[in-house]
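This report refers to the structure that appears directly beneath it.
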Amino acid sequence: MHTHHSVFCITPPHMLQEIVRNGSSTQRDLALRTLITSEQMRGQRRAIKSVAAFMGTAITAGDKQRSVYDAKNDSQLPGTLVRNEGDPASTDPAVNEAYDGSGVTYDLYYDIFGRNSIDNKGLKLESTVHYQKGYDNAFWDGKQMVYGDGDEDLPPADRLFNRFTIALDIIGHELTHGVTQHEANLAYWDQSGALNESLSDVFGSLVKQYQRKQTASEADWVIGEGLFTSNVNGVGIRTMKAPGTAYNDPVLGKDPQPGHMKDYVRTIEDNGGVHINSGIPNHAFYITALELGGNAWEKAGRIWYKTLTDKLQERSTFQQACDLTYEAASELFGANSLEQQAVKKGWSEVGITVGGDAPTGCLSAILGVFGISARAEK
Amino acid sequence: MQIIFERSGGIMGLKSSLTLDLNELPLDQAGTLRRLLDEANFFSLTENPPTRPTPDGFQYTLTVVTDTISHTVRTSDTTAPDELHPLLHELSQRARTQGRLKA
Ligand SMILES: [Zn+2]
């Protein structure tokens with residue numbers, strides 16, 4: 001059901017209703033199907049949430065349960081179990097980084113947000129290291145975290161990437177994809193995908209700041225510090241403080257992230273630029289946290305966490321994320337509180353106004369499906 | 001025979017691509033690629049298997065053009081059949097090192 005990219009774009013319901021009213025019969029069918037599917041998803045999520053709330057009463061706070069596996073340069077997951085919860089440290093730094101990093105991430109979620117693991121029911125944190133050979137990546141496969149060793153198979157002078165467990169915020173990023181999957185379950189394309197990505201950067205960065213006990217102004221807000229070898233001209237893979245400036249390198253090119261809606265990138269690559277346009281909500285969080293001062297996890301973090309767990313939906317847009325964080329700030333800290341004003345400022349600096357009508361980013365794609373050519377998209 | 005390879009996505013969202021003409025490669029290298037294509041049963045693989053995107057996963061698009069046939073397969077690390085992994089690895093490796101050489 002998720003194969004047809006375009007139909008799952010975020011289309012304003014009023015537009016779909018318009019097509020149902022005025023479109024040809026084929027257009028009507030497609031629009032109806034899209035409307036019905038999104039209604040079903042909303043219903044499902046409500047049902048899941050109420051079951052979870054009921055079950056939640058019987059669940060006591062669990063200890064963290066971590067398992068680290070070694071893929072031994074193969075593609076089979078999870079691989080061979082090499083370290084379980086409570087086992088002594090390994091001689092392999094990647095194993096220890098995956099173990100310790102998922103531990104700190106668990107701690108941030110538990111200590112600050114009262115969340116018991118990825119599913120809030122004590123789910124075991126599973127990580128696989130040494131995935132494939134020369135694998136310059138890390139990902140969440142729907143059940144576990146997976147880390148490659150970077151360019152270990154190339155001569156040192158040609159290497160761009162170190163092992164991916166080296167950066168704590170990358171571990172927090174991957175684990176947060178699991179949290180998002182169990183909560184808002186943001187669809188991994190276009191704006192909902194970029195929000196999914198942004199939330200992983202936000203909480204990944206908070207994990208690093210939490211471990212270093214840094215305030216918002218002390219933190220560097222760089223994602224993936226230490227991931228590049230000294231052959232690369234760059235500080236990390238992204239920066240929430242100044243999107244677009246993390247690297248500028250002859251081989252890797254220039255960091256393509258925008259930090260404002262006016263520079264929003266429309267593309268079909270990378271599931272609609274999920275790792276590119278995430279710069280916009282990333283920067284909104286950074287501005288909010290900086291505005292509030294102190295430790296970013298205390299206020300901005302709580303507002304974003306509440307929005308992720310209680311408010312965002314599978315196909316939420318940037319505009320909705322703006323409005324819903326504003327709403328969450330009011331519920332947590334009061335209407336017109338300094339916190340709520342900071343949220344408003346954060347989004348306004350990236351070109352999104354509370355209650356406004358920011359472009360959804362994939363109008364042209366959805367119109368194309370219905371055989372209508374787009375006029376202006378903004 | 002031509003191989004057109006593209007890798008996109010990943011935690012950085014960067015694309016890398018590679019086009020190889022087997023007739024222009026040294027014989028042993030062309031032989032290795034032909035063997036990997038054979039072992040993967042490439043021409044009988046499904047073109048576009050339905051998948052839900054994996055957060056930060058790579059997406060691969062692989063097209064092979066011969067005198068008589070052109071076949072494209074889109075896949076990912078978690079959904080690729082076991083027999084295809086050695087070929088994906090070989091091509092990813094070439095795409096990565098080729099990028100380095102250009103610099
Ligand atoms: Zn991600």
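By convention here, the chains of the structure tokens are called A, B, ... in the order presented, each chain's residues are numbered starting at 1, and ligands are numbered starting at 1 in the order presented.
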
Neighbour list for Ser17 of chain B as a PyMOL selection string, cut-off 12 Å, only C-alpha atoms, skip fewer than 3 positions in-chain: chain B and resi 3-8+14+20+59-63+91-99

Taking only C-alpha atoms and all ligand atoms and a cut-off of 10 Å, can you tell me which residues surround ligand 1, written as an NGL selection string? (:A and (138-140 or 170 or 172-177 or 188 or 193-194 or 196-201 or 204 or 274-275 or 278)) or (:B and (9-13 or 54-57))

Kindly export the residues of the current selection with C-alpha atoms, as a short mmCIF file (atom, residue, chain, number, x, y, z; two decimals), in the first residue's frame.
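The resulting file, out.cif, is reproduced below:
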```cif
data_model
loop_
_atom_site.label_atom_id
_atom_site.label_comp_id
_atom_site.auth_asym_id
_atom_site.auth_seq_id
_atom_site.Cartn_x
_atom_site.Cartn_y
_atom_site.Cartn_z
CA ALA A 138 23.71 3.74 9.54
CA PHE A 139 19.97 3.01 9.47
CA TRP A 140 16.91 1.84 11.41
CA ILE A 170 23.93 9.29 15.20
CA GLY A 172 20.33 8.84 19.21
CA HIS A 173 19.16 9.63 15.67
CA GLU A 174 18.67 5.97 14.70
CA LEU A 175 17.00 5.02 17.99
CA THR A 176 14.63 7.98 17.63
CA HIS A 177 13.47 6.61 14.26
CA TYR A 188 9.04 8.69 5.22
CA GLY A 193 9.56 12.40 6.06
CA ALA A 194 11.60 15.55 6.64
CA ASN A 196 10.69 12.31 10.78
CA GLU A 197 14.33 13.09 9.94
CA SER A 198 14.29 16.33 11.91
CA LEU A 199 12.94 14.65 15.05
CA SER A 200 15.79 12.14 14.84
CA ASP A 201 18.31 14.99 14.60
CA GLY A 204 19.99 12.79 18.65
CA VAL A 274 13.88 14.07 3.61
CA HIS A 275 17.52 14.62 4.66
CA SER A 278 14.82 18.59 7.57
CA GLY B 9 19.30 8.07 0.35
CA GLY B 10 21.37 7.03 3.34
CA ILE B 11 21.74 9.14 6.46
CA MET B 12 23.27 11.95 4.38
CA GLY B 13 20.75 11.74 1.54
CA THR B 54 13.71 2.28 5.56
CA PRO B 55 14.78 5.35 7.56
CA ASP B 56 18.31 6.26 6.39
CA GLY B 57 18.50 3.16 4.20
#
```

Report, in Å to a single decimal, how far apart atom CA of Ile280 of chain A and atom CA of Gly259 of chain A are.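 It comes out at 4.5 Å.
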
Counting only C-alpha atoms, give me one row per residue of chain A with an atom at most 8 Å from an atom of chain B, showing the shortest contact pair and its distance in Å to one decimal, sorted by chain then residue number, as a Markdown table.
```
| residue | atom | partner | partner_atom | distance |
| --- | --- | --- | --- | --- |
| A:His2 | CA | B:Arg52 | CA | 5.9 |
| A:Thr3 | CA | B:Pro50 | CA | 5.4 |
| A:Ser75 | CA | B:Asp77 | CA | 7.6 |
| A:Lys133 | CA | B:His89 | CA | 7.8 |
| A:Gly134 | CA | B:Gln93 | CA | 7.3 |
| A:Asn137 | CA | B:Gly10 | CA | 6.1 |
| A:Ala138 | CA | B:Ile11 | CA | 6.5 |
| A:Phe139 | CA | B:Asp56 | CA | 4.8 |
| A:Trp140 | CA | B:Pro55 | CA | 5.6 |
| A:Asp141 | CA | B:Thr54 | CA | 5.7 |
| A:Gly142 | CA | B:Thr54 | CA | 7.0 |
| A:Asp158 | CA | B:Arg100 | CA | 6.6 |
| A:His177 | CA | B:Pro55 | CA | 6.9 |
| A:Tyr188 | CA | B:Pro53 | CA | 6.4 |
| A:Ile237 | CA | B:Met12 | CA | 6.5 |
| A:Pro250 | CA | B:Ala103 | CA | 5.9 |
| A:Val251 | CA | B:Ala103 | CA | 5.6 |
| A:Glu269 | CA | B:Ser8 | CA | 7.1 |
| A:Asp270 | CA | B:Gly9 | CA | 4.6 |
| A:Asn271 | CA | B:Gly9 | CA | 7.5 |
| A:Gly273 | CA | B:Gly13 | CA | 7.3 |
| A:Val274 | CA | B:Gly13 | CA | 7.5 |
| A:His275 | CA | B:Gly13 | CA | 5.3 |
| A:Ile276 | CA | B:Gly13 | CA | 7.1 |
```

How about saving the chosen residues, N, CA and C atoms kept, as a PDB file, in the first residue's frame?
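Okay, this is what ended up in again-v2.pdb:
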```pdb
ATOM      1  N   HIS A   2       2.169   1.094   0.264  1.00  0.00           N
ATOM      2  CA  HIS A   2       3.009   2.279   0.309  1.00  0.00           C
ATOM      3  C   HIS A   2       3.852   2.434  -0.950  1.00  0.00           C
ATOM      4  N   THR A   3       3.459   1.723  -2.012  1.00  0.00           N
ATOM      5  CA  THR A   3       4.329   1.732  -3.175  1.00  0.00           C
ATOM      6  C   THR A   3       4.139   2.981  -4.011  1.00  0.00           C
ATOM      7  N   SER A  75      25.592  -9.091   5.344  1.00  0.00           N
ATOM      8  CA  SER A  75      24.345  -8.318   5.311  1.00  0.00           C
ATOM      9  C   SER A  75      23.238  -8.958   6.134  1.00  0.00           C
ATOM     10  N   LYS A 133      30.748  -4.477   4.171  1.00  0.00           N
ATOM     11  CA  LYS A 133      32.124  -3.986   4.063  1.00  0.00           C
ATOM     12  C   LYS A 133      32.082  -2.605   3.408  1.00  0.00           C
ATOM     13  N   GLY A 134      32.884  -1.692   3.890  1.00  0.00           N
ATOM     14  CA  GLY A 134      32.908  -0.354   3.286  1.00  0.00           C
ATOM     15  C   GLY A 134      31.530   0.288   3.295  1.00  0.00           C
ATOM     16  N   ASN A 137      27.328   4.173   6.221  1.00  0.00           N
ATOM     17  CA  ASN A 137      25.954   4.526   6.571  1.00  0.00           C
ATOM     18  C   ASN A 137      25.526   3.868   7.882  1.00  0.00           C
ATOM     19  N   ALA A 138      24.391   4.359   8.403  1.00  0.00           N
ATOM     20  CA  ALA A 138      23.705   3.742   9.536  1.00  0.00           C
ATOM     21  C   ALA A 138      22.221   3.848   9.241  1.00  0.00           C
ATOM     22  N   PHE A 139      21.422   2.902   9.693  1.00  0.00           N
ATOM     23  CA  PHE A 139      19.973   3.013   9.471  1.00  0.00           C
ATOM     24  C   PHE A 139      19.181   2.283  10.542  1.00  0.00           C
ATOM     25  N   TRP A 140      17.870   2.520  10.525  1.00  0.00           N
ATOM     26  CA  TRP A 140      16.910   1.836  11.406  1.00  0.00           C
ATOM     27  C   TRP A 140      16.086   0.942  10.493  1.00  0.00           C
ATOM     28  N   ASP A 141      16.063  -0.349  10.723  1.00  0.00           N
ATOM     29  CA  ASP A 141      15.397  -1.241   9.757  1.00  0.00           C
ATOM     30  C   ASP A 141      13.947  -1.537  10.127  1.00  0.00           C
ATOM     31  N   GLY A 142      13.415  -0.805  11.106  1.00  0.00           N
ATOM     32  CA  GLY A 142      12.041  -1.044  11.551  1.00  0.00           C
ATOM     33  C   GLY A 142      12.029  -1.786  12.873  1.00  0.00           C
ATOM     34  N   ASP A 158      42.218   7.729   1.124  1.00  0.00           N
ATOM     35  CA  ASP A 158      40.964   7.856   0.382  1.00  0.00           C
ATOM     36  C   ASP A 158      39.727   7.812   1.289  1.00  0.00           C
ATOM     37  N   HIS A 177      14.327   7.096  15.355  1.00  0.00           N
ATOM     38  CA  HIS A 177      13.469   6.605  14.263  1.00  0.00           C
ATOM     39  C   HIS A 177      12.519   5.517  14.788  1.00  0.00           C
ATOM     40  N   TYR A 188       7.659   8.319   5.526  1.00  0.00           N
ATOM     41  CA  TYR A 188       9.043   8.687   5.217  1.00  0.00           C
ATOM     42  C   TYR A 188       9.191   9.272   3.818  1.00  0.00           C
ATOM     43  N   ILE A 237      27.739  15.918   9.430  1.00  0.00           N
ATOM     44  CA  ILE A 237      26.882  15.730   8.255  1.00  0.00           C
ATOM     45  C   ILE A 237      25.783  16.788   8.144  1.00  0.00           C
ATOM     46  N   PRO A 250      35.517  18.855  -1.891  1.00  0.00           N
ATOM     47  CA  PRO A 250      35.651  18.543  -3.315  1.00  0.00           C
ATOM     48  C   PRO A 250      34.998  17.210  -3.705  1.00  0.00           C
ATOM     49  N   VAL A 251      35.012  16.219  -2.807  1.00  0.00           N
ATOM     50  CA  VAL A 251      34.426  14.914  -3.147  1.00  0.00           C
ATOM     51  C   VAL A 251      32.952  14.845  -2.757  1.00  0.00           C
ATOM     52  N   GLU A 269      14.480  12.863  -5.376  1.00  0.00           N
ATOM     53  CA  GLU A 269      15.562  12.078  -4.783  1.00  0.00           C
ATOM     54  C   GLU A 269      15.359  11.971  -3.271  1.00  0.00           C
ATOM     55  N   ASP A 270      15.940  10.945  -2.675  1.00  0.00           N
ATOM     56  CA  ASP A 270      15.961  10.826  -1.216  1.00  0.00           C
ATOM     57  C   ASP A 270      14.545  10.965  -0.631  1.00  0.00           C
ATOM     58  N   ASN A 271      13.600  10.250  -1.233  1.00  0.00           N
ATOM     59  CA  ASN A 271      12.195  10.270  -0.790  1.00  0.00           C
ATOM     60  C   ASN A 271      11.633  11.681  -0.683  1.00  0.00           C
ATOM     61  N   GLY A 273      13.688  14.452  -0.640  1.00  0.00           N
ATOM     62  CA  GLY A 273      14.616  15.326   0.094  1.00  0.00           C
ATOM     63  C   GLY A 273      14.427  15.315   1.595  1.00  0.00           C
ATOM     64  N   VAL A 274      14.131  14.126   2.167  1.00  0.00           N
ATOM     65  CA  VAL A 274      13.878  14.073   3.615  1.00  0.00           C
ATOM     66  C   VAL A 274      15.102  14.495   4.439  1.00  0.00           C
ATOM     67  N   HIS A 275      16.315  14.207   3.921  1.00  0.00           N
ATOM     68  CA  HIS A 275      17.521  14.619   4.664  1.00  0.00           C
ATOM     69  C   HIS A 275      17.957  16.033   4.294  1.00  0.00           C
ATOM     70  N   ILE A 276      17.252  16.649   3.358  1.00  0.00           N
ATOM     71  CA  ILE A 276      17.621  18.004   2.934  1.00  0.00           C
ATOM     72  C   ILE A 276      16.718  19.018   3.635  1.00  0.00           C
TER      73      ILE A 276
END
```

May I have the residues within 6 Å of segment 127-129 of chain A as an mmCIF file with N, CA, C and O atoms, in the first residue's frame, using only C-alpha atoms and disregarding those fewer than 3 positions away in the same chain?
```cif
data_model
loop_
_atom_site.group_PDB
_atom_site.id
_atom_site.type_symbol
_atom_site.label_atom_id
_atom_site.label_comp_id
_atom_site.auth_asym_id
_atom_site.auth_seq_id
_atom_site.Cartn_x
_atom_site.Cartn_y
_atom_site.Cartn_z
ATOM 1 N N VAL A 68 23.998 -6.078 21.573
ATOM 2 C CA VAL A 68 24.783 -5.649 20.423
ATOM 3 C C VAL A 68 25.228 -6.891 19.651
ATOM 4 O O VAL A 68 25.683 -7.871 20.235
ATOM 5 N N TYR A 69 25.040 -6.835 18.333
ATOM 6 C CA TYR A 69 25.377 -7.949 17.457
ATOM 7 C C TYR A 69 26.490 -7.537 16.504
ATOM 8 O O TYR A 69 26.656 -6.350 16.201
ATOM 9 N N ASP A 70 27.220 -8.514 15.997
ATOM 10 C CA ASP A 70 28.290 -8.277 15.030
ATOM 11 C C ASP A 70 27.889 -8.951 13.717
ATOM 12 O O ASP A 70 27.695 -10.166 13.678
ATOM 13 N N PRO A 78 20.137 -10.097 12.679
ATOM 14 C CA PRO A 78 21.012 -9.140 13.353
ATOM 15 C C PRO A 78 22.493 -9.548 13.389
ATOM 16 O O PRO A 78 23.304 -8.718 13.768
ATOM 17 N N GLN A 144 15.560 -2.528 14.511
ATOM 18 C CA GLN A 144 16.852 -2.382 15.189
ATOM 19 C C GLN A 144 17.725 -1.336 14.503
ATOM 20 O O GLN A 144 17.442 -0.915 13.390
ATOM 21 N N MET A 145 18.826 -0.979 15.193
ATOM 22 C CA MET A 145 19.809 -0.037 14.634
ATOM 23 C C MET A 145 20.907 -0.822 13.927
ATOM 24 O O MET A 145 21.277 -1.915 14.372
ATOM 25 N N VAL A 146 21.406 -0.265 12.836
ATOM 26 C CA VAL A 146 22.433 -0.933 12.032
ATOM 27 C C VAL A 146 23.543 0.063 11.696
ATOM 28 O O VAL A 146 23.246 1.182 11.245
ATOM 29 N N TYR A 147 24.789 -0.328 11.913
ATOM 30 C CA TYR A 147 25.912 0.588 11.692
ATOM 31 C C TYR A 147 26.995 -0.035 10.814
ATOM 32 O O TYR A 147 27.405 -1.175 11.033
#
```

Report as an mmCIF file with C-alpha atoms, in the first residue's frame all protein, DNA and RNA residues lying within 12 Å of Ser44 of chain B, evaluated on only C-alpha atoms, omitting residues in the same chain fewer than 6 positions from it.
```
data_model
loop_
_atom_site.group_PDB
_atom_site.id
_atom_site.type_symbol
_atom_site.label_atom_id
_atom_site.label_comp_id
_atom_site.auth_asym_id
_atom_site.auth_seq_id
_atom_site.Cartn_x
_atom_site.Cartn_y
_atom_site.Cartn_z
ATOM 1 C CA LEU B 37 25.154 -10.667 -12.594
ATOM 2 C CA ASP B 38 24.794 -14.379 -13.333
ATOM 3 C CA ILE B 69 17.421 -6.439 -23.434
ATOM 4 C CA SER B 70 17.320 -3.684 -20.830
ATOM 5 C CA HIS B 71 16.383 -4.586 -17.285
ATOM 6 C CA THR B 72 16.110 -2.357 -14.201
ATOM 7 C CA VAL B 73 15.937 -3.436 -10.569
ATOM 8 C CA PRO B 81 17.941 -11.032 -2.276
ATOM 9 C CA LEU B 84 22.366 -9.667 -5.234
#
```

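Atom CA of Leu81 of chain A to atom CA of Lys143 of chain A spans 15.6 Å [interatomic distance, one decimal].
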
Between atom CA of Leu227 of chain A and atom CA of Asp92 of chain A - distance in Å to one decimal: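 Taking atom CA of Asp92 of chain A as the start and atom CA of Leu227 of chain A as the end point, the length is 17.5 Å.
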
Using only C-alpha atoms, which residues sit within 10 Å of Arg35 of chain B once same-chain residues fewer than 6 positions away are excluded, as a VMD selection string? chain B and resid 29 41 87
